[in-house]
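Here's the structure we're looking at; comments come further down.
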There are 2 protein chains.
Amino acid sequence: MQNKFLHRAFQLALEHSSDGQHGPFGAIIVKNNEIIAEGWNAVVASNDPTAHAEIMAIRKACHKLGTFNLSECTIYSSCEPCPMCLAAIYWARIDTVVFAASHEDASRAGFDDSFLYEEMSKTWMERKINAFREHQDEGKIVFKKWIDNPLKIDY
Amino acid sequence: MQNKFLHRAFQLALEHSSDGQHGPFGAIIVKNNEIIAEGWNAVVASNDPTAHAEIMAIRKACHKLGTFNLSECTIYSSCEPCPMCLAAIYWARIDTVVFAASHEDASRAGFDDSFLYEEMSKTWMERKINAFREHQDEGKIVFKKWIDNPLKIDY
């Protein structure tokens, strides 16, 4: 049987990518069997490399529900989320992710998903990107002040 | 000698987090020795779990430069970017990342960074989040249509 929510994610991916300006990815967020938000890739169209389908759907759902916490929600995505989107899903406390294509499928279509998963599993010193760590002690002081801040809101 | 760009990232983190509504993270993007954009964590204040310092700085820099490609840019962050932000840095094609605190330091201050790095290195079946793959063949069709789309803009 067709998963109607995944089907909607496919529709979004196909409709928006037909102009060649939107990557072929769609995602929706569902709560209590109701679609809360829909997203599609808009990296090229909006000059925003973070405008992936899942990120767009998360932002819209949070705006709609007035919260940064999407627990009790499920995200349906036409493809396995890339590391950026997967980490965003965790930060948003989404319960469940349902996807269709794999990150290997995405990579075969020209996207960096598999490469990014490889990079994530390395230490910062081993990654391909140039990386430098400086002033770690001062960086720790920033956190120390946060830990001691009585006004802080944890998330 | 103090790295003036990291110092600015610390300033942003400290200034904005003093109200307890903005997580203690700051980031700036530099091109040709000039600050292009500044970002700070606004997850709670804007109800957006993707509003991390690096993501905010990337979005602003892309908007300012009118491009989704930040090659030849360096990002300075008060802390090692989390997987969401690190993957965003790769998608934005940023050349170099300079950071101070480690993801272990962030975790000791109450953030999930180290847990997320562990999750990224697992397959989707091994992760803690509920995950399901369905309709993979239909997901692949979405990419097949993209590959065959003569209008597509690669990024």
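Labels used: A, B, ... for chains in the order of the structure tokens, numbers from 1 for residues in each chain, and numbers from 1 for ligands as shown.
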Query raised in the report: Could you name the residues that touch Glu134 of chain A at 9 Å or less, counting only C-alpha atoms, but leaving out those on the same chain fewer than 4 positions away, as a ChimeraX atom specification?
Result: /A:138-139 /B:3,6,98-101
Can you build me a table of segment 82-135 of chain B residues sitting at most 12 Å from segment 34-52 of chain A, with the closest atom pair per residue and its distance in Å to one decimal, using only C-alpha atoms, sorted by chain and residue number, as a Markdown table?
| residue | atom | partner | partner_atom | distance |
| --- | --- | --- | --- | --- |
| B:Met84 | CA | A:Thr50 | CA | 9.5 |
| B:Cys85 | CA | A:Thr50 | CA | 9.2 |
| B:Leu86 | CA | A:Thr50 | CA | 11.1 |
| B:Ala87 | CA | A:Thr50 | CA | 9.1 |
| B:Ala88 | CA | A:Thr50 | CA | 6.0 |
| B:Ile89 | CA | A:Pro49 | CA | 8.7 |
| B:Tyr90 | CA | A:Pro49 | CA | 9.2 |
| B:Trp91 | CA | A:Pro49 | CA | 5.9 |
| B:Ala92 | CA | A:Pro49 | CA | 5.5 |
| B:Arg93 | CA | A:Pro49 | CA | 9.0 |
| B:Ile94 | CA | A:Pro49 | CA | 10.8 |
For C-alpha atoms, I'd like the residues from the last selection saved as a PDB file, in the first residue's frame.
ATOM      1  CA  MET B  84      24.173  20.200  11.173  1.00  0.00           C
ATOM      2  CA  CYS B  85      26.444  23.214  10.891  1.00  0.00           C
ATOM      3  CA  LEU B  86      29.456  21.280   9.639  1.00  0.00           C
ATOM      4  CA  ALA B  87      27.429  19.745   6.825  1.00  0.00           C
ATOM      5  CA  ALA B  88      26.022  23.212   6.033  1.00  0.00           C
ATOM      6  CA  ILE B  89      29.603  24.492   5.819  1.00  0.00           C
ATOM      7  CA  TYR B  90      30.400  21.770   3.283  1.00  0.00           C
ATOM      8  CA  TRP B  91      27.213  22.444   1.279  1.00  0.00           C
ATOM      9  CA  ALA B  92      28.173  26.152   1.213  1.00  0.00           C
ATOM     10  CA  ARG B  93      31.643  25.171  -0.091  1.00  0.00           C
ATOM     11  CA  ILE B  94      33.378  27.183   2.614  1.00  0.00           C
TER      12      ILE B  94
END
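Across segment 32-117 of chain B, DSSP run on the backbone finds strand (DSSP E) at Glu34, Ile35, Ile36, Ala37, Glu38, Gly39, Trp40, Cys73, Thr74, Ile75, Tyr76, Ser77, Ser78, Cys79, Thr96, Val97, Val98, Phe99, Ala100 and Ala101 of chain B.
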Output chain A, superimposed onto chain B using in-order Cα pairs, as a short mmCIF file (atom, residue, chain, number, x, y, z; two decimals) with N, CA and C atoms, in the first residue's frame:
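What follows is the written file out.cif:
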data_model
loop_
_atom_site.label_atom_id
_atom_site.label_comp_id
_atom_site.auth_asym_id
_atom_site.auth_seq_id
_atom_site.Cartn_x
_atom_site.Cartn_y
_atom_site.Cartn_z
N MET A 1 49.16 35.41 20.07
CA MET A 1 48.41 36.57 19.62
C MET A 1 46.93 36.19 19.45
N GLN A 2 46.09 37.10 19.84
CA GLN A 2 44.65 36.90 19.73
C GLN A 2 44.23 36.86 18.26
N ASN A 3 43.43 35.89 17.90
CA ASN A 3 42.82 35.84 16.56
C ASN A 3 41.60 36.77 16.60
N LYS A 4 41.68 37.86 15.86
CA LYS A 4 40.63 38.89 15.99
C LYS A 4 39.26 38.39 15.52
N PHE A 5 39.27 37.46 14.57
CA PHE A 5 37.98 36.96 14.09
C PHE A 5 37.35 36.00 15.09
N LEU A 6 38.17 35.15 15.67
CA LEU A 6 37.63 34.29 16.73
C LEU A 6 37.16 35.14 17.91
N HIS A 7 37.91 36.17 18.20
CA HIS A 7 37.54 37.06 19.31
C HIS A 7 36.15 37.65 19.06
N ARG A 8 35.88 38.05 17.83
CA ARG A 8 34.56 38.59 17.49
C ARG A 8 33.47 37.51 17.68
N ALA A 9 33.81 36.27 17.30
CA ALA A 9 32.85 35.17 17.51
C ALA A 9 32.56 34.99 19.01
N PHE A 10 33.60 35.09 19.84
CA PHE A 10 33.38 34.99 21.30
C PHE A 10 32.46 36.12 21.78
N GLN A 11 32.75 37.34 21.28
CA GLN A 11 31.93 38.50 21.67
C GLN A 11 30.46 38.27 21.36
N LEU A 12 30.20 37.78 20.14
CA LEU A 12 28.81 37.54 19.72
C LEU A 12 28.15 36.51 20.63
N ALA A 13 28.89 35.44 20.93
CA ALA A 13 28.35 34.39 21.79
C ALA A 13 28.02 34.95 23.17
N LEU A 14 28.95 35.71 23.73
CA LEU A 14 28.76 36.22 25.10
C LEU A 14 27.66 37.27 25.17
N GLU A 15 27.68 38.20 24.22
CA GLU A 15 26.68 39.27 24.24
C GLU A 15 25.26 38.71 24.12
N HIS A 16 25.07 37.81 23.15
CA HIS A 16 23.71 37.35 22.88
C HIS A 16 23.23 36.33 23.91
N SER A 17 24.14 35.57 24.50
CA SER A 17 23.70 34.53 25.44
C SER A 17 23.46 35.07 26.84
N SER A 18 23.83 36.31 27.07
CA SER A 18 23.69 36.83 28.44
C SER A 18 22.23 36.88 28.89
N ASP A 19 21.28 36.97 27.96
CA ASP A 19 19.86 37.00 28.33
C ASP A 19 19.29 35.60 28.57
N GLY A 20 20.09 34.57 28.32
CA GLY A 20 19.63 33.19 28.53
C GLY A 20 18.73 32.67 27.44
N GLN A 21 18.39 33.51 26.47
CA GLN A 21 17.47 33.14 25.38
C GLN A 21 18.22 32.75 24.11
N HIS A 22 19.51 32.96 24.10
CA HIS A 22 20.34 32.63 22.93
C HIS A 22 21.46 31.73 23.40
N GLY A 23 21.60 30.56 22.78
CA GLY A 23 22.67 29.65 23.16
C GLY A 23 24.04 30.31 23.01
N PRO A 24 25.04 29.86 23.76
CA PRO A 24 26.36 30.51 23.81
C PRO A 24 27.27 30.15 22.65
N PHE A 25 26.86 30.57 21.47
CA PHE A 25 27.62 30.25 20.26
C PHE A 25 27.62 31.47 19.33
N GLY A 26 28.79 31.77 18.76
CA GLY A 26 28.91 32.86 17.80
C GLY A 26 29.76 32.40 16.63
N ALA A 27 29.49 32.97 15.46
CA ALA A 27 30.27 32.60 14.26
C ALA A 27 30.30 33.78 13.31
N ILE A 28 31.39 33.90 12.58
CA ILE A 28 31.47 34.92 11.54
C ILE A 28 32.08 34.33 10.27
N ILE A 29 31.73 34.93 9.16
CA ILE A 29 32.27 34.49 7.87
C ILE A 29 33.11 35.61 7.29
N VAL A 30 34.32 35.24 6.87
CA VAL A 30 35.32 36.21 6.42
C VAL A 30 35.74 35.88 4.99
N LYS A 31 35.82 36.91 4.17
CA LYS A 31 36.34 36.76 2.81
C LYS A 31 37.32 37.90 2.54
N ASN A 32 38.46 37.59 2.03
CA ASN A 32 39.49 38.62 1.78
C ASN A 32 39.75 39.47 3.02
N ASN A 33 39.83 38.80 4.16
CA ASN A 33 40.15 39.46 5.43
C ASN A 33 39.06 40.45 5.90
N GLU A 34 37.87 40.32 5.33
CA GLU A 34 36.77 41.23 5.70
C GLU A 34 35.59 40.40 6.21
N ILE A 35 34.97 40.86 7.29
CA ILE A 35 33.81 40.15 7.83
C ILE A 35 32.61 40.36 6.90
N ILE A 36 32.08 39.25 6.39
CA ILE A 36 30.93 39.31 5.48
C ILE A 36 29.62 39.19 6.25
N ALA A 37 29.63 38.34 7.29
CA ALA A 37 28.38 38.11 8.03
C ALA A 37 28.68 37.60 9.42
N GLU A 38 27.79 37.91 10.35
CA GLU A 38 27.92 37.46 11.74
C GLU A 38 26.67 36.67 12.12
N GLY A 39 26.85 35.65 12.93
CA GLY A 39 25.70 34.86 13.38
C GLY A 39 25.82 34.49 14.84
N TRP A 40 24.69 34.25 15.46
CA TRP A 40 24.67 33.79 16.84
C TRP A 40 23.46 32.90 17.00
N ASN A 41 23.50 32.04 18.00
CA ASN A 41 22.43 31.08 18.21
C ASN A 41 21.12 31.79 18.58
N ALA A 42 20.05 31.43 17.88
CA ALA A 42 18.75 32.05 18.15
C ALA A 42 17.64 31.00 18.17
N VAL A 43 17.97 29.80 18.61
CA VAL A 43 17.00 28.70 18.60
C VAL A 43 15.77 29.04 19.44
N VAL A 44 15.99 29.44 20.68
CA VAL A 44 14.88 29.71 21.60
C VAL A 44 14.17 31.01 21.20
N ALA A 45 14.98 32.04 20.93
CA ALA A 45 14.41 33.37 20.65
C ALA A 45 13.55 33.38 19.39
N SER A 46 13.90 32.54 18.41
CA SER A 46 13.16 32.58 17.14
C SER A 46 12.35 31.30 16.90
N ASN A 47 12.27 30.43 17.91
CA ASN A 47 11.56 29.15 17.72
C ASN A 47 12.02 28.45 16.45
N ASP A 48 13.32 28.33 16.30
CA ASP A 48 13.87 27.68 15.10
C ASP A 48 15.07 26.82 15.51
N PRO A 49 14.87 25.50 15.55
CA PRO A 49 15.97 24.63 16.00
C PRO A 49 17.17 24.63 15.06
N THR A 50 17.00 25.19 13.85
CA THR A 50 18.13 25.26 12.92
C THR A 50 18.89 26.58 13.05
N ALA A 51 18.45 27.46 13.93
CA ALA A 51 19.07 28.80 14.03
C ALA A 51 20.34 28.77 14.87
N HIS A 52 21.29 27.95 14.46
CA HIS A 52 22.61 27.94 15.09
C HIS A 52 23.45 29.08 14.51
N ALA A 53 24.49 29.45 15.25
CA ALA A 53 25.33 30.58 14.85
C ALA A 53 25.87 30.43 13.42
N GLU A 54 26.39 29.25 13.11
CA GLU A 54 27.02 29.05 11.79
C GLU A 54 25.97 29.11 10.67
N ILE A 55 24.81 28.48 10.91
CA ILE A 55 23.74 28.50 9.91
C ILE A 55 23.28 29.94 9.65
N MET A 56 23.13 30.70 10.73
CA MET A 56 22.70 32.10 10.58
C MET A 56 23.73 32.89 9.78
N ALA A 57 25.01 32.68 10.10
CA ALA A 57 26.08 33.41 9.40
C ALA A 57 26.12 33.01 7.92
N ILE A 58 25.96 31.72 7.64
CA ILE A 58 25.96 31.26 6.23
C ILE A 58 24.81 31.89 5.46
N ARG A 59 23.62 31.86 6.06
CA ARG A 59 22.46 32.45 5.37
C ARG A 59 22.67 33.93 5.08
N LYS A 60 23.17 34.62 6.08
CA LYS A 60 23.39 36.07 5.89
C LYS A 60 24.45 36.34 4.83
N ALA A 61 25.54 35.56 4.87
CA ALA A 61 26.63 35.78 3.90
C ALA A 61 26.13 35.51 2.48
N CYS A 62 25.36 34.44 2.31
CA CYS A 62 24.83 34.12 0.97
C CYS A 62 23.88 35.20 0.48
N HIS A 63 23.04 35.68 1.38
CA HIS A 63 22.11 36.75 1.02
C HIS A 63 22.90 37.99 0.58
N LYS A 64 23.93 38.31 1.36
CA LYS A 64 24.72 39.51 1.08
C LYS A 64 25.47 39.41 -0.25
N LEU A 65 26.05 38.22 -0.49
CA LEU A 65 26.86 38.06 -1.71
C LEU A 65 26.03 37.60 -2.91
N GLY A 66 24.75 37.25 -2.67
CA GLY A 66 23.89 36.83 -3.79
C GLY A 66 24.31 35.52 -4.42
N THR A 67 24.71 34.56 -3.58
CA THR A 67 25.17 33.26 -4.08
C THR A 67 24.91 32.19 -3.03
N PHE A 68 24.82 30.93 -3.51
CA PHE A 68 24.76 29.82 -2.54
C PHE A 68 26.13 29.17 -2.38
N ASN A 69 27.17 29.81 -2.91
CA ASN A 69 28.51 29.23 -2.89
C ASN A 69 29.49 30.18 -2.20
N LEU A 70 29.98 29.76 -1.04
CA LEU A 70 30.89 30.60 -0.25
C LEU A 70 32.34 30.11 -0.33
N SER A 71 32.72 29.57 -1.48
CA SER A 71 34.13 29.20 -1.62
C SER A 71 34.97 30.47 -1.47
N GLU A 72 36.20 30.31 -1.04
CA GLU A 72 37.11 31.42 -0.71
C GLU A 72 36.72 32.12 0.59
N CYS A 73 35.77 31.56 1.32
CA CYS A 73 35.43 32.13 2.63
C CYS A 73 35.95 31.21 3.74
N THR A 74 36.18 31.84 4.90
CA THR A 74 36.52 31.10 6.11
C THR A 74 35.45 31.38 7.15
N ILE A 75 35.07 30.35 7.90
CA ILE A 75 34.14 30.55 9.00
C ILE A 75 34.89 30.41 10.32
N TYR A 76 34.69 31.36 11.20
CA TYR A 76 35.26 31.34 12.55
C TYR A 76 34.12 31.10 13.52
N SER A 77 34.26 30.09 14.35
CA SER A 77 33.17 29.75 15.27
C SER A 77 33.72 29.59 16.68
N SER A 78 32.94 30.03 17.65
CA SER A 78 33.38 29.92 19.05
C SER A 78 33.52 28.47 19.48
N CYS A 79 32.89 27.57 18.75
CA CYS A 79 32.91 26.14 19.11
C CYS A 79 32.96 25.31 17.83
N GLU A 80 33.50 24.13 17.91
CA GLU A 80 33.48 23.21 16.78
C GLU A 80 32.04 23.07 16.29
N PRO A 81 31.79 23.25 15.01
CA PRO A 81 30.41 23.16 14.51
C PRO A 81 29.79 21.79 14.79
N CYS A 82 28.50 21.78 15.12
CA CYS A 82 27.78 20.51 15.27
C CYS A 82 27.61 19.88 13.88
N PRO A 83 27.16 18.64 13.80
CA PRO A 83 27.03 18.01 12.47
C PRO A 83 26.12 18.79 11.52
N MET A 84 25.04 19.39 12.04
CA MET A 84 24.17 20.19 11.17
C MET A 84 24.97 21.33 10.54
N CYS A 85 25.71 22.04 11.37
CA CYS A 85 26.44 23.21 10.88
C CYS A 85 27.65 22.80 10.04
N LEU A 86 28.31 21.73 10.43
CA LEU A 86 29.46 21.28 9.63
C LEU A 86 29.01 20.88 8.23
N ALA A 87 27.93 20.14 8.14
CA ALA A 87 27.43 19.75 6.82
C ALA A 87 27.00 20.98 6.03
N ALA A 88 26.40 21.96 6.70
CA ALA A 88 26.02 23.21 6.02
C ALA A 88 27.26 23.92 5.48
N ILE A 89 28.35 23.88 6.24
CA ILE A 89 29.62 24.48 5.81
C ILE A 89 30.12 23.81 4.53
N TYR A 90 30.01 22.49 4.49
CA TYR A 90 30.39 21.77 3.27
C TYR A 90 29.46 22.13 2.11
N TRP A 91 28.16 22.12 2.35
CA TRP A 91 27.22 22.44 1.27
C TRP A 91 27.48 23.85 0.74
N ALA A 92 27.90 24.76 1.63
CA ALA A 92 28.17 26.14 1.20
C ALA A 92 29.54 26.28 0.54
N ARG A 93 30.32 25.17 0.53
CA ARG A 93 31.65 25.16 -0.10
C ARG A 93 32.63 26.11 0.58
N ILE A 94 32.43 26.35 1.86
CA ILE A 94 33.38 27.18 2.62
C ILE A 94 34.73 26.46 2.65
N ASP A 95 35.80 27.23 2.47
CA ASP A 95 37.14 26.65 2.39
C ASP A 95 37.68 26.13 3.70
N THR A 96 37.52 26.93 4.74
CA THR A 96 38.28 26.72 5.97
C THR A 96 37.40 27.00 7.18
N VAL A 97 37.56 26.19 8.20
CA VAL A 97 36.84 26.42 9.46
C VAL A 97 37.86 26.57 10.59
N VAL A 98 37.68 27.62 11.38
CA VAL A 98 38.53 27.87 12.55
C VAL A 98 37.61 27.92 13.77
N PHE A 99 37.92 27.12 14.78
CA PHE A 99 37.03 27.09 15.94
C PHE A 99 37.85 27.03 17.22
N ALA A 100 37.17 27.23 18.35
CA ALA A 100 37.87 27.28 19.64
C ALA A 100 37.49 26.07 20.51
N ALA A 101 36.34 26.13 21.13
CA ALA A 101 35.93 25.02 22.01
C ALA A 101 35.65 23.76 21.19
N SER A 102 35.70 22.61 21.83
CA SER A 102 35.46 21.33 21.15
C SER A 102 34.00 20.90 21.32
N HIS A 103 33.60 19.88 20.55
CA HIS A 103 32.22 19.40 20.74
C HIS A 103 32.06 18.74 22.11
N GLU A 104 33.15 18.25 22.66
CA GLU A 104 33.07 17.70 24.03
C GLU A 104 32.81 18.84 25.03
N ASP A 105 33.44 19.98 24.82
CA ASP A 105 33.17 21.14 25.68
C ASP A 105 31.69 21.53 25.60
N ALA A 106 31.14 21.53 24.38
CA ALA A 106 29.72 21.87 24.20
C ALA A 106 28.84 20.87 24.94
N SER A 107 29.20 19.60 24.84
CA SER A 107 28.39 18.58 25.50
C SER A 107 28.41 18.74 27.01
N ARG A 108 29.57 19.12 27.55
CA ARG A 108 29.65 19.34 29.00
C ARG A 108 28.79 20.53 29.44
N ALA A 109 28.50 21.43 28.50
CA ALA A 109 27.65 22.58 28.82
C ALA A 109 26.17 22.27 28.57
N GLY A 110 25.85 21.03 28.22
CA GLY A 110 24.45 20.63 28.10
C GLY A 110 23.94 20.47 26.69
N PHE A 111 24.80 20.56 25.69
CA PHE A 111 24.35 20.43 24.30
C PHE A 111 24.68 19.04 23.76
N ASP A 112 23.96 18.64 22.72
CA ASP A 112 24.01 17.24 22.25
C ASP A 112 25.11 16.96 21.23
N ASP A 113 26.06 17.85 21.07
CA ASP A 113 27.00 17.76 19.94
C ASP A 113 27.71 16.41 19.84
N SER A 114 28.24 15.91 20.94
CA SER A 114 28.99 14.64 20.86
C SER A 114 28.06 13.49 20.52
N PHE A 115 26.88 13.47 21.14
CA PHE A 115 25.88 12.45 20.82
C PHE A 115 25.54 12.47 19.33
N LEU A 116 25.37 13.67 18.77
CA LEU A 116 25.02 13.76 17.35
C LEU A 116 26.14 13.25 16.47
N TYR A 117 27.40 13.54 16.83
CA TYR A 117 28.51 12.98 16.04
C TYR A 117 28.50 11.46 16.09
N GLU A 118 28.17 10.90 17.23
CA GLU A 118 28.07 9.43 17.32
C GLU A 118 26.97 8.91 16.40
N GLU A 119 25.82 9.58 16.43
CA GLU A 119 24.70 9.13 15.60
C GLU A 119 25.02 9.21 14.11
N MET A 120 25.72 10.25 13.70
CA MET A 120 26.04 10.43 12.28
C MET A 120 26.89 9.29 11.73
N SER A 121 27.71 8.71 12.60
CA SER A 121 28.63 7.68 12.12
C SER A 121 27.98 6.30 12.05
N LYS A 122 26.69 6.21 12.41
CA LYS A 122 25.97 4.94 12.34
C LYS A 122 25.14 4.86 11.07
N THR A 123 24.73 3.65 10.70
CA THR A 123 23.76 3.52 9.60
C THR A 123 22.38 3.89 10.14
N TRP A 124 21.46 4.14 9.23
CA TRP A 124 20.12 4.57 9.67
C TRP A 124 19.44 3.52 10.54
N MET A 125 19.79 2.27 10.33
CA MET A 125 19.15 1.21 11.13
C MET A 125 19.68 1.14 12.56
N GLU A 126 20.88 1.66 12.75
CA GLU A 126 21.52 1.58 14.07
C GLU A 126 21.25 2.80 14.95
N ARG A 127 20.69 3.85 14.37
CA ARG A 127 20.54 5.10 15.13
C ARG A 127 19.44 5.02 16.18
N LYS A 128 19.51 5.92 17.16
CA LYS A 128 18.54 5.93 18.25
C LYS A 128 17.16 6.41 17.79
N ILE A 129 17.12 7.29 16.80
CA ILE A 129 15.83 7.79 16.32
C ILE A 129 15.09 6.67 15.57
N ASN A 130 13.77 6.64 15.71
CA ASN A 130 12.97 5.68 14.93
C ASN A 130 13.11 6.02 13.46
N ALA A 131 13.46 5.02 12.66
CA ALA A 131 13.65 5.29 11.23
C ALA A 131 13.10 4.13 10.42
N PHE A 132 12.46 4.48 9.31
CA PHE A 132 11.89 3.47 8.42
C PHE A 132 12.18 3.85 6.98
N ARG A 133 12.54 2.86 6.17
CA ARG A 133 12.70 3.11 4.74
C ARG A 133 11.58 2.40 4.00
N GLU A 134 10.87 3.14 3.15
CA GLU A 134 9.76 2.59 2.37
C GLU A 134 9.84 3.14 0.95
N HIS A 135 9.30 2.40 0.01
CA HIS A 135 9.16 2.89 -1.37
C HIS A 135 10.48 3.38 -1.96
N GLN A 136 11.56 2.65 -1.72
CA GLN A 136 12.85 3.12 -2.23
C GLN A 136 12.85 3.26 -3.75
N ASP A 137 12.16 2.34 -4.43
CA ASP A 137 12.16 2.40 -5.90
C ASP A 137 11.51 3.69 -6.40
N GLU A 138 10.45 4.12 -5.73
CA GLU A 138 9.82 5.37 -6.15
C GLU A 138 10.72 6.57 -5.82
N GLY A 139 11.45 6.46 -4.73
CA GLY A 139 12.40 7.52 -4.40
C GLY A 139 13.48 7.64 -5.47
N LYS A 140 13.90 6.49 -6.00
CA LYS A 140 14.93 6.51 -7.05
C LYS A 140 14.41 7.15 -8.33
N ILE A 141 13.10 6.96 -8.59
CA ILE A 141 12.52 7.55 -9.81
C ILE A 141 12.62 9.07 -9.78
N VAL A 142 12.46 9.65 -8.57
CA VAL A 142 12.60 11.11 -8.44
C VAL A 142 13.98 11.55 -8.92
N PHE A 143 15.01 10.81 -8.52
CA PHE A 143 16.38 11.16 -8.95
C PHE A 143 16.59 10.90 -10.43
N LYS A 144 15.99 9.80 -10.92
CA LYS A 144 16.12 9.48 -12.34
C LYS A 144 15.60 10.64 -13.19
N LYS A 145 14.45 11.21 -12.78
CA LYS A 145 13.88 12.33 -13.53
C LYS A 145 14.80 13.56 -13.44
N TRP A 146 15.45 13.74 -12.30
CA TRP A 146 16.40 14.85 -12.14
C TRP A 146 17.60 14.66 -13.08
N ILE A 147 18.14 13.46 -13.09
CA ILE A 147 19.31 13.18 -13.93
C ILE A 147 18.98 13.46 -15.39
N ASP A 148 17.75 13.15 -15.79
CA ASP A 148 17.33 13.34 -17.18
C ASP A 148 16.82 14.76 -17.48
N ASN A 149 16.78 15.62 -16.47
CA ASN A 149 16.20 16.96 -16.65
C ASN A 149 17.24 17.91 -17.26
N PRO A 150 17.02 18.37 -18.49
CA PRO A 150 18.03 19.23 -19.14
C PRO A 150 18.13 20.61 -18.51
N LEU A 151 17.14 20.99 -17.69
CA LEU A 151 17.14 22.33 -17.07
C LEU A 151 17.89 22.37 -15.74
N LYS A 152 18.31 21.19 -15.26
CA LYS A 152 18.83 21.16 -13.88
C LYS A 152 20.11 21.99 -13.70
N ILE A 153 20.19 22.64 -12.54
CA ILE A 153 21.40 23.37 -12.16
C ILE A 153 22.07 22.56 -11.05
N ASP A 154 23.27 22.09 -11.32
CA ASP A 154 24.00 21.32 -10.31
C ASP A 154 24.59 22.25 -9.26
N TYR A 155 24.74 21.73 -8.07
CA TYR A 155 25.42 22.53 -7.02
C TYR A 155 26.18 21.64 -6.08
#
Query raised in the report: Could you pull out the helix (DSSP H, G or I) residues of segment 3-146 of chain A from DSSP and send them as JSON, numbers by chain?
Result: {"A": [4, 5, 6, 7, 8, 9, 10, 11, 12, 13, 14, 15, 16, 17, 43, 44, 45, 46, 53, 54, 55, 56, 57, 58, 59, 60, 61, 62, 63, 64, 65, 83, 84, 85, 86, 87, 88, 89, 90, 91, 103, 104, 105, 106, 107, 108, 113, 114, 115, 116, 117, 118, 119, 120, 136, 137, 138, 139, 140, 141, 142, 143, 144, 145, 146]}
